[in-house]
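**Q** One file is attached below, entry_29.cif, containing mmCIF, C-alpha atoms and all ligand atoms.
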data_query
#
loop_
_atom_site.label_atom_id
_atom_site.label_comp_id
_atom_site.auth_asym_id
_atom_site.auth_seq_id
_atom_site.Cartn_x
_atom_site.Cartn_y
_atom_site.Cartn_z
CA MET P 13 31.57 26.14 -13.63
CA LYS P 14 32.12 25.21 -17.23
CA HIS P 15 32.94 21.55 -17.59
CA SER P 16 36.28 20.54 -19.04
CA LEU P 17 38.30 17.48 -19.93
CA ASP P 18 40.64 18.33 -17.06
CA GLU P 19 37.74 18.25 -14.66
CA ALA P 20 36.71 14.81 -15.98
CA LYS P 21 40.25 13.52 -15.56
CA GLN P 22 40.32 14.84 -12.02
CA LEU P 23 37.04 13.08 -11.23
CA ASP P 24 38.55 9.86 -12.58
CA ALA P 25 41.65 10.31 -10.46
CA ASN P 26 39.43 10.59 -7.38
CA ASP P 27 37.27 7.59 -8.28
CA PRO P 28 38.00 4.79 -5.79
CA ILE P 29 36.98 2.03 -8.24
CA ARG P 30 38.55 3.49 -11.42
CA ASN P 31 40.96 0.55 -11.75
CA TYR P 32 38.21 -1.94 -12.55
CA ARG P 33 38.17 -0.53 -16.08
CA GLU P 34 41.50 -2.31 -16.57
CA GLN P 35 39.76 -5.63 -15.97
CA PHE P 36 37.63 -5.29 -19.11
CA HIS P 37 38.30 -5.49 -22.83
CA ILE P 38 37.25 -2.12 -24.27
CA PRO P 39 36.39 -2.46 -28.00
CA GLN P 40 38.87 -0.72 -30.30
CA GLN P 41 38.29 1.37 -33.41
CA ASP P 42 40.24 0.76 -36.63
CA ASN P 43 42.53 3.65 -35.74
CA GLY P 44 43.56 1.88 -32.54
CA GLU P 45 41.64 4.17 -30.18
CA SER P 46 39.06 2.78 -27.80
CA PHE P 47 35.41 3.22 -28.61
CA ILE P 48 33.44 5.28 -26.13
CA TYR P 49 31.25 2.39 -25.04
CA MET P 50 27.96 3.64 -23.60
CA CYS P 51 25.96 0.51 -24.36
CA GLY P 52 26.54 -1.79 -21.40
CA ASN P 53 22.78 -1.71 -20.80
CA SER P 54 22.41 -3.73 -24.00
CA LEU P 55 25.53 -5.92 -23.98
CA GLY P 56 28.07 -5.62 -21.18
CA LEU P 57 31.78 -5.74 -21.96
CA GLN P 58 33.95 -8.80 -21.55
CA PRO P 59 35.99 -9.18 -18.36
CA LYS P 60 39.57 -10.17 -19.13
CA THR P 61 39.17 -13.16 -16.80
CA THR P 62 36.25 -14.64 -18.75
CA ALA P 63 38.51 -16.54 -21.15
CA THR P 64 40.36 -18.15 -18.22
CA TYR P 65 37.13 -19.38 -16.66
CA ILE P 66 35.86 -20.80 -19.94
CA ASP P 67 39.25 -22.31 -20.83
CA GLN P 68 39.27 -24.19 -17.55
CA GLU P 69 36.05 -25.98 -18.51
CA LEU P 70 37.27 -26.67 -22.06
CA LYS P 71 40.44 -28.15 -20.60
CA ASP P 72 38.56 -30.33 -18.14
CA TRP P 73 36.21 -31.54 -20.85
CA LYS P 74 39.21 -32.28 -23.10
CA ASN P 75 41.08 -34.19 -20.40
CA LEU P 76 38.27 -35.80 -18.46
CA GLY P 77 35.29 -36.23 -20.77
CA VAL P 78 32.22 -37.26 -18.82
CA GLU P 79 34.25 -37.56 -15.63
CA GLY P 80 34.26 -33.78 -15.51
CA HIS P 81 30.77 -33.89 -14.02
CA MET P 82 32.35 -35.10 -10.78
CA HIS P 83 36.08 -34.47 -11.14
CA ALA P 84 36.56 -31.22 -13.04
CA GLU P 85 38.38 -28.55 -11.08
CA ASN P 86 34.88 -27.05 -10.66
CA PRO P 87 32.62 -30.10 -10.97
CA TRP P 88 29.84 -29.58 -13.50
CA LEU P 89 27.18 -31.39 -11.50
CA PRO P 90 26.87 -28.65 -8.89
CA TYR P 91 28.35 -25.89 -11.09
CA HIS P 92 25.28 -23.63 -10.95
CA GLU P 93 25.60 -23.63 -7.16
CA PHE P 94 28.92 -21.79 -7.44
CA LEU P 95 26.97 -18.79 -8.76
CA THR P 96 24.06 -18.72 -6.36
CA GLU P 97 25.39 -16.82 -3.40
CA LYS P 98 27.06 -14.06 -5.39
CA MET P 99 24.02 -13.65 -7.64
CA ALA P 100 21.75 -13.50 -4.59
CA LYS P 101 23.88 -10.66 -3.22
CA VAL P 102 23.63 -8.71 -6.47
CA VAL P 103 19.82 -8.74 -6.33
CA GLY P 104 19.33 -8.60 -2.56
CA ALA P 105 17.92 -12.08 -2.16
CA LYS P 106 18.56 -15.17 -0.06
CA PRO P 107 20.46 -18.00 -1.75
CA ILE P 108 17.45 -20.33 -1.60
CA GLU P 109 15.50 -17.76 -3.63
CA VAL P 110 17.90 -17.62 -6.58
CA VAL P 111 18.93 -19.89 -9.41
CA VAL P 112 20.79 -19.26 -12.67
CA MET P 113 19.15 -21.19 -15.51
CA ASN P 114 17.77 -20.91 -19.06
CA THR P 115 17.29 -17.52 -20.69
CA LEU P 116 15.03 -14.67 -19.71
CA SER P 117 11.97 -15.11 -21.91
CA VAL P 118 12.01 -18.86 -21.25
CA ASN P 119 12.16 -18.22 -17.52
CA LEU P 120 9.25 -15.79 -17.70
CA HIS P 121 7.14 -18.55 -19.22
CA LEU P 122 8.25 -21.14 -16.66
CA LEU P 123 7.51 -18.74 -13.83
CA MET P 124 4.13 -17.88 -15.31
CA ALA P 125 3.35 -21.61 -15.55
CA SER P 126 3.52 -21.59 -11.75
CA PHE P 127 2.52 -18.06 -10.83
CA TYR P 128 -0.05 -17.02 -13.40
CA ARG P 129 -3.09 -18.85 -12.10
CA PRO P 130 -6.08 -17.16 -13.70
CA THR P 131 -9.62 -17.70 -12.47
CA LYS P 132 -12.85 -16.63 -14.15
CA GLU P 133 -12.99 -13.44 -12.09
CA GLN P 134 -9.30 -12.70 -11.71
CA TYR P 135 -7.44 -13.51 -14.92
CA LYS P 136 -5.91 -10.32 -16.31
CA ILE P 137 -2.23 -9.40 -16.58
CA LEU P 138 -0.98 -5.87 -15.92
CA ILE P 139 2.16 -4.64 -17.75
CA GLU P 140 3.61 -1.31 -18.96
CA SER P 141 2.36 -0.08 -22.34
CA ASP P 142 5.98 0.26 -23.44
CA ALA P 143 7.09 -3.08 -21.98
CA PHE P 144 9.95 -4.83 -23.77
CA PRO P 145 8.40 -6.61 -26.78
CA SER P 146 9.43 -10.08 -25.64
CA ASP P 147 7.65 -9.58 -22.33
CA LYS P 148 4.52 -8.42 -24.10
CA TYR P 149 4.58 -11.41 -26.46
CA ALA P 150 5.13 -13.70 -23.49
CA VAL P 151 2.16 -12.43 -21.47
CA GLU P 152 -0.12 -12.23 -24.53
CA SER P 153 0.67 -15.82 -25.39
CA GLN P 154 0.08 -16.91 -21.78
CA LEU P 155 -3.33 -15.23 -21.87
CA LYS P 156 -4.15 -17.01 -25.12
CA PHE P 157 -2.84 -20.30 -23.80
CA HIS P 158 -5.28 -20.04 -20.90
CA GLY P 159 -8.12 -18.97 -23.20
CA TYR P 160 -8.40 -15.28 -22.35
CA ALA P 161 -8.50 -12.98 -25.33
CA ASP P 162 -9.05 -9.66 -23.57
CA GLY P 163 -6.92 -9.97 -20.48
CA LEU P 164 -4.08 -7.51 -21.12
CA ILE P 165 -4.11 -4.27 -19.12
CA GLU P 166 -1.43 -1.73 -20.00
CA LEU P 167 -0.19 1.08 -17.80
CA THR P 168 -0.04 4.08 -20.13
CA PRO P 169 1.61 7.44 -19.40
CA ARG P 170 -0.70 10.46 -19.42
CA LYS P 171 -1.13 12.32 -22.67
CA GLY P 172 2.02 14.27 -23.49
CA GLU P 173 4.05 12.42 -20.82
CA VAL P 174 6.59 9.63 -21.18
CA LEU P 175 6.98 8.34 -17.63
CA LEU P 176 4.32 6.56 -15.64
CA ARG P 177 3.05 8.40 -12.60
CA GLU P 178 3.18 6.35 -9.46
CA GLU P 179 -0.29 7.46 -8.43
CA ASP P 180 -1.64 6.19 -11.75
CA ILE P 181 -0.07 2.77 -11.21
CA GLU P 182 -1.54 2.69 -7.72
CA ARG P 183 -4.97 3.75 -8.90
CA THR P 184 -5.02 1.08 -11.61
CA ILE P 185 -4.16 -1.65 -9.11
CA GLU P 186 -6.72 -0.25 -6.68
CA LYS P 187 -9.46 -0.07 -9.30
CA GLU P 188 -8.80 -3.16 -11.39
CA GLY P 189 -6.86 -5.39 -8.99
CA ALA P 190 -9.80 -7.68 -8.34
CA THR P 191 -9.65 -8.78 -11.99
CA ILE P 192 -5.82 -8.92 -12.22
CA ALA P 193 -4.15 -12.30 -11.67
CA LEU P 194 -0.61 -11.12 -12.39
CA ILE P 195 1.29 -7.83 -12.29
CA LEU P 196 4.51 -8.06 -14.32
CA LEU P 197 6.59 -4.90 -14.66
CA GLY P 198 10.06 -4.26 -16.05
CA CYS P 199 12.33 -2.44 -13.61
CA PRO P 200 13.75 -0.15 -14.72
CA ASN P 201 11.66 0.19 -17.85
CA TYR P 202 14.06 -0.63 -20.71
CA TYR P 203 13.05 2.41 -22.77
CA THR P 204 12.77 5.25 -20.27
CA GLY P 205 14.99 3.90 -17.49
CA GLN P 206 12.19 4.55 -14.97
CA VAL P 207 12.51 2.62 -11.71
CA PHE P 208 9.41 1.42 -9.88
CA ASP P 209 8.90 0.93 -6.17
CA LEU P 210 8.91 -2.87 -6.06
CA LYS P 211 7.88 -3.14 -2.46
CA ARG P 212 4.97 -0.74 -2.73
CA ILE P 213 3.63 -2.23 -5.95
CA THR P 214 3.93 -5.70 -4.47
CA ALA P 215 2.04 -4.69 -1.33
CA LEU P 216 -0.74 -3.05 -3.34
CA GLY P 217 -0.99 -6.06 -5.65
CA HIS P 218 -1.02 -8.57 -2.83
CA ALA P 219 -3.75 -6.62 -1.05
CA LYS P 220 -5.92 -7.24 -4.11
CA GLY P 221 -4.97 -10.89 -4.41
CA CYS P 222 -2.68 -10.41 -7.42
CA VAL P 223 0.62 -12.26 -7.91
CA VAL P 224 3.48 -9.80 -8.49
CA GLY P 225 6.58 -10.49 -10.58
CA PHE P 226 9.31 -8.29 -12.05
CA ASP P 227 11.50 -8.40 -15.12
CA LEU P 228 14.86 -7.12 -13.93
CA ALA P 229 16.75 -7.39 -17.23
CA HIS P 230 17.87 -3.78 -16.76
CA GLY P 231 17.89 -3.91 -12.99
CA ALA P 232 20.26 -6.74 -12.05
CA GLY P 233 23.72 -5.27 -11.50
CA ASN P 234 22.36 -1.74 -12.02
CA LEU P 235 19.97 -1.03 -9.13
CA ASP P 236 19.88 -1.47 -5.38
CA LEU P 237 17.38 -4.31 -5.54
CA LYS P 238 16.15 -5.61 -2.25
CA LEU P 239 14.28 -8.46 -3.80
CA HIS P 240 13.65 -10.49 -0.69
CA ASP P 241 12.38 -7.47 1.22
CA SER P 242 10.25 -6.38 -1.71
CA ASN P 243 8.10 -9.48 -1.12
CA ALA P 244 7.69 -9.95 -4.87
CA ASP P 245 6.58 -13.45 -5.74
CA PHE P 246 9.11 -13.92 -8.51
CA ALA P 247 11.57 -12.13 -10.79
CA ALA P 248 13.74 -12.95 -13.78
CA TRP P 249 16.65 -11.23 -15.49
CA CYS P 250 19.35 -11.79 -18.07
CA THR P 251 23.07 -11.64 -17.32
CA TYR P 252 24.48 -10.26 -20.58
CA LYS P 253 23.49 -6.62 -19.95
CA TYR P 254 24.82 -5.14 -16.68
CA LEU P 255 26.23 -8.50 -15.59
CA ASN P 256 28.70 -8.80 -18.47
CA SER P 257 28.40 -12.52 -19.19
CA GLY P 258 28.35 -12.50 -23.00
CA PRO P 259 25.71 -12.63 -25.76
CA GLY P 260 22.76 -14.93 -25.12
CA SER P 261 24.13 -16.06 -21.78
CA VAL P 262 21.99 -17.84 -19.19
CA GLY P 263 19.59 -15.82 -17.01
CA GLY P 264 18.73 -15.54 -13.33
CA CYS P 265 15.52 -16.25 -11.42
CA PHE P 266 14.13 -15.27 -8.05
CA ILE P 267 11.31 -17.07 -6.30
CA HIS P 268 10.46 -15.70 -2.89
CA GLU P 269 11.33 -17.90 0.06
CA ARG P 270 7.68 -18.25 1.07
CA HIS P 271 7.17 -20.35 -2.08
CA ALA P 272 10.25 -22.52 -1.41
CA HIS P 273 8.12 -25.45 -0.28
CA ALA P 274 5.07 -24.72 -2.41
CA PHE P 275 5.22 -28.14 -4.04
CA ASP P 276 1.52 -27.99 -4.79
CA LEU P 277 2.05 -25.10 -7.23
CA PRO P 278 1.84 -26.43 -10.77
CA ARG P 279 5.21 -26.32 -12.47
CA PHE P 280 6.89 -27.61 -15.58
CA ALA P 281 9.45 -30.07 -14.29
CA GLY P 282 12.73 -31.54 -15.45
CA TRP P 283 15.42 -33.72 -13.90
CA TRP P 284 17.63 -30.82 -12.76
CA GLY P 285 14.88 -29.64 -10.44
CA HIS P 286 14.69 -33.07 -8.81
CA ASN P 287 16.16 -34.05 -5.44
CA LYS P 288 19.94 -34.22 -5.93
CA GLU P 289 20.26 -37.38 -3.81
CA THR P 290 18.08 -39.43 -6.12
CA ARG P 291 18.43 -37.55 -9.41
CA PHE P 292 20.43 -40.30 -11.05
CA GLY P 293 18.19 -43.08 -9.80
CA MET P 294 16.02 -42.03 -12.74
CA ARG P 295 13.07 -44.05 -11.49
CA ASP P 296 11.57 -41.97 -8.70
CA ALA P 297 8.56 -39.72 -8.98
CA PHE P 298 9.48 -36.02 -9.32
CA ASP P 299 10.66 -34.75 -5.96
CA PRO P 300 11.46 -31.05 -6.36
CA ILE P 301 14.39 -29.38 -4.62
CA PRO P 302 13.07 -26.75 -2.18
CA GLY P 303 13.51 -23.17 -3.38
CA ALA P 304 14.30 -21.71 -6.77
CA GLU P 305 16.52 -24.65 -7.77
CA GLY P 306 13.42 -26.82 -7.94
CA TRP P 307 12.32 -24.92 -11.05
CA GLN P 308 15.35 -26.06 -13.08
CA LEU P 309 14.71 -28.31 -16.05
CA SER P 310 17.94 -29.18 -17.81
CA ASN P 311 21.55 -29.59 -16.90
CA PRO P 312 22.89 -26.12 -17.63
CA PRO P 313 25.39 -24.89 -20.27
CA ILE P 314 28.62 -24.88 -18.26
CA LEU P 315 30.52 -22.57 -20.66
CA SER P 316 27.90 -19.90 -20.16
CA LEU P 317 27.87 -20.39 -16.40
CA ALA P 318 31.67 -20.09 -16.40
CA ALA P 319 31.38 -16.65 -18.04
CA ILE P 320 28.77 -15.57 -15.50
CA ARG P 321 31.02 -16.79 -12.71
CA ALA P 322 33.94 -14.71 -13.98
CA SER P 323 31.74 -11.63 -13.88
CA LEU P 324 30.13 -12.35 -10.50
CA VAL P 325 33.58 -12.67 -8.93
CA ILE P 326 34.19 -9.04 -9.95
CA PHE P 327 30.80 -7.88 -8.68
CA ASP P 328 31.45 -9.63 -5.41
CA GLU P 329 34.82 -7.99 -5.02
CA VAL P 330 33.65 -4.44 -5.78
CA GLY P 331 30.31 -4.87 -4.02
CA MET P 332 27.02 -3.28 -5.06
CA PRO P 333 27.31 -0.33 -2.60
CA ALA P 334 30.52 0.98 -4.24
CA LEU P 335 29.06 0.42 -7.71
CA LEU P 336 25.84 2.21 -6.86
CA GLU P 337 27.70 5.15 -5.38
CA LYS P 338 29.77 5.64 -8.51
CA SER P 339 26.79 4.94 -10.74
CA LYS P 340 24.84 7.81 -9.24
CA LYS P 341 27.77 10.24 -9.53
CA LEU P 342 28.61 9.24 -13.08
CA THR P 343 25.03 9.53 -14.31
CA ASP P 344 24.48 12.82 -12.45
CA TYR P 345 27.66 14.07 -14.16
CA LEU P 346 26.33 12.99 -17.56
CA GLU P 347 23.05 14.75 -16.79
CA SER P 348 24.81 17.99 -15.86
CA LEU P 349 26.92 17.98 -19.06
CA LEU P 350 23.78 17.46 -21.11
CA GLN P 351 22.32 20.69 -19.70
CA GLU P 352 24.63 22.52 -22.11
CA ILE P 353 22.79 21.04 -25.10
CA SER P 354 19.30 21.08 -23.64
CA ASP P 355 18.05 23.03 -26.67
CA HIS P 356 18.52 19.91 -28.76
CA VAL P 357 18.41 17.05 -26.30
CA SER P 358 15.76 16.31 -23.72
CA ILE P 359 16.33 13.63 -21.08
CA ILE P 360 13.19 11.52 -20.82
CA SER P 361 14.48 9.39 -17.92
CA PRO P 362 13.45 10.42 -14.39
CA LYS P 363 15.25 13.47 -13.00
CA ASP P 364 15.25 12.04 -9.50
CA SER P 365 18.33 9.79 -9.29
CA GLU P 366 16.47 7.49 -6.89
CA LYS P 367 14.04 6.75 -9.70
CA ARG P 368 16.58 5.66 -12.30
CA GLY P 369 19.67 3.51 -12.68
CA CYS P 370 22.67 4.55 -14.73
CA GLN P 371 20.80 4.73 -18.06
CA LEU P 372 19.60 8.01 -19.53
CA SER P 373 17.32 8.06 -22.55
CA LEU P 374 17.96 11.12 -24.67
CA GLN P 375 15.32 12.44 -27.00
CA ILE P 376 16.77 14.42 -29.89
CA THR P 377 14.27 17.26 -30.08
CA SER P 378 15.84 19.24 -32.91
CA GLY P 379 15.18 16.58 -35.57
CA HIS P 380 17.40 14.28 -37.67
CA GLY P 381 17.90 12.02 -34.66
CA LYS P 382 18.93 8.97 -36.64
CA MET P 383 21.46 10.97 -38.67
CA ILE P 384 22.95 12.40 -35.47
CA PHE P 385 23.15 8.91 -34.03
CA ASP P 386 24.90 7.55 -37.13
CA LYS P 387 27.40 10.42 -37.04
CA ILE P 388 28.35 9.93 -33.39
CA THR P 389 28.77 6.23 -34.15
CA GLU P 390 31.21 7.15 -36.94
CA LYS P 391 33.09 9.25 -34.41
CA GLY P 392 33.62 6.32 -32.07
CA VAL P 393 30.59 6.33 -29.76
CA ILE P 394 28.70 3.08 -29.24
CA ALA P 395 25.20 3.82 -27.95
CA ASP P 396 21.74 2.51 -28.68
CA TRP P 397 19.11 3.88 -31.04
CA ARG P 398 15.36 3.56 -30.48
CA GLU P 399 12.85 4.82 -33.02
CA PRO P 400 11.64 7.44 -33.50
CA ASP P 401 14.09 9.83 -31.80
CA VAL P 402 15.76 8.33 -28.72
CA ILE P 403 19.41 7.53 -27.98
CA ARG P 404 19.88 5.40 -24.89
CA VAL P 405 23.20 5.71 -23.10
CA ALA P 406 24.42 4.07 -19.92
CA PRO P 407 27.72 4.95 -18.27
CA ILE P 408 28.62 1.72 -16.49
CA PRO P 409 30.32 2.29 -13.12
CA LEU P 410 32.51 -0.81 -13.49
CA TYR P 411 34.27 0.24 -16.67
CA ASN P 412 33.16 3.67 -17.88
CA SER P 413 35.10 6.74 -16.84
CA TYR P 414 34.17 10.39 -16.36
CA GLU P 415 36.39 11.00 -19.36
CA ASP P 416 34.20 8.67 -21.45
CA VAL P 417 31.17 10.67 -20.40
CA PHE P 418 32.86 13.99 -21.16
CA ARG P 419 34.03 12.82 -24.60
CA PHE P 420 30.62 11.40 -25.43
CA VAL P 421 28.86 14.69 -24.70
CA ALA P 422 31.55 16.67 -26.55
CA ILE P 423 31.06 14.51 -29.66
CA LEU P 424 27.28 14.77 -29.43
CA LYS P 425 27.50 18.54 -29.01
CA ALA P 426 29.84 18.99 -31.97
CA THR P 427 27.63 16.78 -34.14
CA LEU P 428 24.49 18.72 -33.17
CA ASN P 429 26.22 22.02 -33.93
CA GLN P 430 27.19 20.82 -37.40
CA SER P 431 23.78 19.38 -38.13
CA VAL P 432 21.21 21.93 -36.98
C1 LIG I 1 16.89 -7.72 -22.82
C2 LIG I 1 15.50 -8.02 -22.42
C3 LIG I 1 14.88 -9.22 -22.78
C4 LIG I 1 15.58 -10.24 -23.64
O1 LIG I 1 15.11 -11.53 -23.41
P1 LIG I 1 15.95 -12.82 -23.82
O2 LIG I 1 15.00 -13.91 -23.54
O3 LIG I 1 17.19 -12.85 -22.96
O4 LIG I 1 16.32 -12.70 -25.26
C5 LIG I 1 13.58 -9.44 -22.33
N1 LIG I 1 12.92 -8.53 -21.58
C6 LIG I 1 13.50 -7.36 -21.21
C7 LIG I 1 12.76 -6.37 -20.37
C8 LIG I 1 14.79 -7.07 -21.65
O5 LIG I 1 15.35 -5.90 -21.32
#
Output the file's structure as structure tokens, nothing else.

**A**
Amino acid sequence: MKHSLDEAKQLDANDPIRNYREQFHIPQQDNGESFIYMCGNSLGLQPKTTATYIDQELKDWKNLGVEGHMHAENPWLPYHEFLTEKMAKVVGAKPIEVVVMNTLSVNLHLLMASFYRPTKEQYKILIESDAFPSDKYAVESQLKFHGYADGLIELTPRKGEVLLREEDIERTIEKEGATIALILLGCPNYYTGQVFDLKRITALGHAKGCVVGFDLAHGAGNLDLKLHDSNADFAAWCTYKYLNSGPGSVGGCFIHERHAHAFDLPRFAGWWGHNKETRFGMRDAFDPIPGAEGWQLSNPPILSLAAIRASLVIFDEVGMPALLEKSKKLTDYLESLLQEISDHVSIISPKDSEKRGCQLSLQITSGHGKMIFDKITEKGVIADWREPDVIRVAPIPLYNSYEDVFRFVAILKATLNQSV
């Protein structure tokens, strides 16, 4: 069947969670029409309730000053705890395994302070060759910090391929695991959208004595993560992509329950990780809170946590199962529309929908990629450009519609027809 706008509208009418779009501010063009926002993988849109949550804290600060720590409507002292359970649900973890604190790259370093424990024989770090730059800088600087110049191992796709083959990942761990102290992979990979089997990689790594951590910047709120069951040692993610908490907002951390009482692990400490009963005594030796909370350093930015809370309330109400169901349909729909322009556009993300989230990375194979991207931007599409020839798009199940997807492909198609 040839796809049509009517068909898209019908799919929207049958979408059980279509109304959540109304709960978000959709950016507007100068002509008053909404942008077709396909960039929630980079910065999620603002829930309409976010301002209310932040205003509440501004009001309490205005009226109560320091007393707000105890007497605000939502007291600031335990404020991060209000987020824990809902965040744990989003990533498939137990509450004791999750804390919202700091930002992602900072958390990676804090977690590596505890979980990257190189020895003379086993000191290397395994990452993807196209890991997000910040992650690469972080692990390279950790290696240097510990005095290892040659310790980076990169998983590289085979010649002429873009995705990593699972058997190649497995073989690398099998062959080199005895020298690898830490495996740290992004899931899904930010560039290709490829999802890795967290549980399997963790099991293979553990069998070789490696610590296994994941960067879930593009996974949290996008994938069916069963973090606890994966047995991963740790994970970290940001909340401003799929979790819609605003630019630069505070990130999330997972530390598996089996490390909850690992007080002998070295860690960088601060007062917010200290026993809540005696925190304000200020004289006691550091007595870490069991679980992920014990890794906190500072009292957290409440305005940022308020924005995360607004978003998590929505995630909790919809639930990950409903989101994942729509996500799969919406991305499969996008994929099927793109078949019509497959002469010009090749999807580099995995074809198997179990091996990707909602993001598709589109390689413009007929040339002039950047010009095409600029033209679709002029026509009201917000997407994401990656040199040399890739447009990343992510239809977000919470607020994107089938109509958005249809219009996006129609604009891309028209632009390609004019340009090649
Ligand atoms: C978005 C992203 C980051 C950004 O890190 P910040 O510390 O939040 O600036 C890091 N790593 C990955 C894989 C990302 O996708």

**Q** Go through region 189-218 of chain P and flag each residue having an atom no more than 12 Å from region 131-147 of chain P; for those, report the closest pair of atoms plus their distance in Å to one decimal, using all atoms listed in the file, ordered by chain and rising number, as a Markdown table.

**A**
| residue | atom | partner | partner_atom | distance |
| --- | --- | --- | --- | --- |
| P:Gly189 | CA | P:Gln134 | CA | 8.2 |
| P:Ala190 | CA | P:Gln134 | CA | 6.1 |
| P:Thr191 | CA | P:Gln134 | CA | 3.9 |
| P:Ile192 | CA | P:Lys136 | CA | 4.3 |
| P:Ala193 | CA | P:Tyr135 | CA | 4.8 |
| P:Leu194 | CA | P:Ile137 | CA | 4.8 |
| P:Ile195 | CA | P:Leu138 | CA | 4.7 |
| P:Leu196 | CA | P:Ile139 | CA | 5.4 |
| P:Leu197 | CA | P:Ile139 | CA | 5.4 |
| P:Gly198 | CA | P:Ala143 | CA | 6.7 |
| P:Cys199 | CA | P:Ala143 | CA | 9.9 |
| P:Pro200 | CA | P:Ala143 | CA | 10.3 |
| P:Asn201 | CA | P:Ala143 | CA | 7.0 |
| P:Tyr202 | CA | P:Phe144 | CA | 6.6 |
| P:Tyr203 | CA | P:Asp142 | CA | 7.4 |
| P:Thr204 | CA | P:Asp142 | CA | 9.0 |
| P:Gly205 | CA | P:Asp142 | CA | 11.4 |
| P:Gln206 | CA | P:Glu140 | CA | 11.1 |
| P:Phe208 | CA | P:Glu140 | CA | 11.1 |
| P:Ile213 | CA | P:Leu138 | CA | 11.6 |
| P:Gly217 | CA | P:Leu138 | CA | 10.3 |

**Q** Rounded to one decimal place, report the CA of Leu346 (chain P)-CA of Ala20 (chain P) distance in Å.

**A**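 Calculated distance between CA of Leu346 (chain P) and CA of Ala20 (chain P) is 10.7 Å.
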
**Q** To one decimal place, how far is CA of Ile359 (chain P) from CA of Leu372 (chain P) in Å?

**A**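 Between CA of Ile359 (chain P) and CA of Leu372 (chain P) the gap works out to 6.7 Å.
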
**Q** For ligand LIG 1 (chain I), which residue among P:Cys250, P:Ala63, P:Leu95, P:Ala150 is the nearest when counting only C-alpha atoms and all ligand atoms?

**A**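 When distances to ligand LIG 1 (chain I) are compared using only C-alpha atoms and all ligand atoms, the smallest one comes from P:Cys250.
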
**Q** Would you please work out which residue, of P:Gln351, P:Gln154, P:Ser257, P:Asn43, is nearest to ligand LIG 1 (chain I) when using only C-alpha atoms and all ligand atoms?

**A**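 When distances to ligand LIG 1 (chain I) are compared using only C-alpha atoms and all ligand atoms, the smallest one comes from P:Ser257.
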
**Q** Between P:Arg129, P:Lys253, P:Lys60, P:Lys74, which one has atoms that come closest to ligand LIG 1 (chain I), using only C-alpha atoms and all ligand atoms?

**A**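 For ligand LIG 1 (chain I), the nearest of the candidates is P:Lys253.
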
**Q** Using only C-alpha atoms, determine which residues lie at most 6 Å from region 232-239 of chain P, disregarding the query and same-chain residues fewer than 6 positions distant; provide the list as a compact mmCIF listing (two decimals) with C-alpha atoms, in the frame of the given file.

**A**
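The resulting around-v5.txt:
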# COMPACT_ATOMS: atom_id res chain seq x y z
CA VAL P 103 19.82 -8.74 -6.33
CA GLY P 104 19.33 -8.60 -2.56
CA ALA P 105 17.92 -12.08 -2.16
CA TYR P 254 24.82 -5.14 -16.68
CA LEU P 255 26.23 -8.50 -15.59
CA GLY P 369 19.67 3.51 -12.68

**Q** Work out how far apart atom C4 of ligand LIG 1 (chain I) and CA of Ala318 (chain P) are and give it in Å to one decimal.

**A**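 If I compute the distance from atom C4 of ligand LIG 1 (chain I) to CA of Ala318 (chain P), I get 20.2 Å.
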
**Q** So which one's closest to Phe246 (chain P), P:Met124, P:Val330, P:Ile376, P:Met82? Using all atoms listed in the file, please.

**A**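 Looking at the shortest contact to Phe246 (chain P), the residue is P:Met124.
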
**Q** Each residue of region 41-149 of chain P lying at most 12 Å from region 409-424 of chain P should get a row with its shortest atom-to-atom pair and the distance in Å to one decimal, counting only C-alpha atoms; could you produce that, ordered by chain and increasing number, as JSON lines?

**A**
{"residue": "P:Ser46", "atom": "CA", "partner": "P:Asp416", "partner_atom": "CA", "distance": 9.9}
{"residue": "P:Phe47", "atom": "CA", "partner": "P:Asp416", "partner_atom": "CA", "distance": 9.1}
{"residue": "P:Ile48", "atom": "CA", "partner": "P:Asp416", "partner_atom": "CA", "distance": 5.8}
{"residue": "P:Tyr49", "atom": "CA", "partner": "P:Asn412", "partner_atom": "CA", "distance": 7.5}
{"residue": "P:Met50", "atom": "CA", "partner": "P:Asn412", "partner_atom": "CA", "distance": 7.7}
{"residue": "P:Cys51", "atom": "CA", "partner": "P:Asn412", "partner_atom": "CA", "distance": 10.2}
{"residue": "P:Gly52", "atom": "CA", "partner": "P:Asn412", "partner_atom": "CA", "distance": 9.3}
{"residue": "P:Asn53", "atom": "CA", "partner": "P:Pro409", "partner_atom": "CA", "distance": 11.5}
{"residue": "P:Gly56", "atom": "CA", "partner": "P:Tyr411", "partner_atom": "CA", "distance": 9.6}
{"residue": "P:Leu57", "atom": "CA", "partner": "P:Tyr411", "partner_atom": "CA", "distance": 8.4}
{"residue": "P:Gln58", "atom": "CA", "partner": "P:Tyr411", "partner_atom": "CA", "distance": 10.3}
{"residue": "P:Pro59", "atom": "CA", "partner": "P:Tyr411", "partner_atom": "CA", "distance": 9.7}
{"residue": "P:Lys60", "atom": "CA", "partner": "P:Tyr411", "partner_atom": "CA", "distance": 11.9}

**Q** I'd like to know which of P:Asp72, P:Asp296, P:Glu305, P:Asp227 is closest to ligand LIG 1 (chain I), using only C-alpha atoms and all ligand atoms.

**A**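 Using only C-alpha atoms and all ligand atoms, ligand LIG 1 (chain I) sits closest to P:Asp227.
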
**Q** P:Asn26, P:Thr96, P:Asn114, P:Asn86: which is nearest ligand LIG 1 (chain I), counting only C-alpha atoms and all ligand atoms?

**A**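 Among the listed residues, P:Asn114 lies closest to ligand LIG 1 (chain I).
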